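Accompanying notes for the structure given below.
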Amino acid sequence: MKKLFIAALLLVFSMSAFASGPYDGIWIVEEEPNVGYIMVVENNEQQIIVVNLGLPGYGEERLIWEAMSGFRTNNTVRLSTIVTDTGNAVVDVSMSSLTTGTVTVVQCEPFNDYYCAVPVGSQYHIRKIW
């Protein structure tokens, strides 16, 4: 519950900084559209907050969620985990348009009994749905 509260505060504070980034919205992973939704919010300093609202999967019976953050330079951003209960990850995101992009897994360090379901080097295509 504490992690959820922290993520909510991060989102509120980032939105109160007049979030208006070109990539703000709800995104999905093209290769796995049933995995969940990714919310993207950017503030005026080009800091991007990403919240992954994952559906149960990969052997999980509960919702998986995590928050990541990074600073955008032109159409790329390196995101690092700031809140999760499954493990720390680093991903590179390269936007090919305002509604499409590619995510590359750079690093994954699982916690406790979790494992990295997505190997380092994996690439996924993302698409903005809202």
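By order in the structure tokens, chains are A, B, ...; within a chain, residues start at 1; ligands start at 1, following the order shown.
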- request: Write out as an MDAnalysis selection string the residues lying within 12 Å of stretch 97-108 of chain A, counting only C-alpha atoms and excluding same-chain residues fewer than 4 positions away.
  value: chainID A and resid 21:31 40 74:81 86:93 114:130
- prompt: Please, which residues of stretch 56-109 of chain A, numbered as in this document, come out strand (DSSP E) from DSSP, as a ChimeraX atom specification?
  reply: /A:64-73,76-83,87-95,100-109
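Atom pair atom CA of A:Glu45 / atom CA of A:Trp65 has a distance of 24.8 Å (rounded to one decimal).
The smallest atom-to-atom distance between A:Arg72 and any of A:Gln47, A:Ser20, A:Asn34, A:Asn112, using only C-alpha atoms, is found for A:Gln47.
Picture a line from atom CA of A:Ala67 to atom CA of A:Gly54; it runs 11.1 Å.
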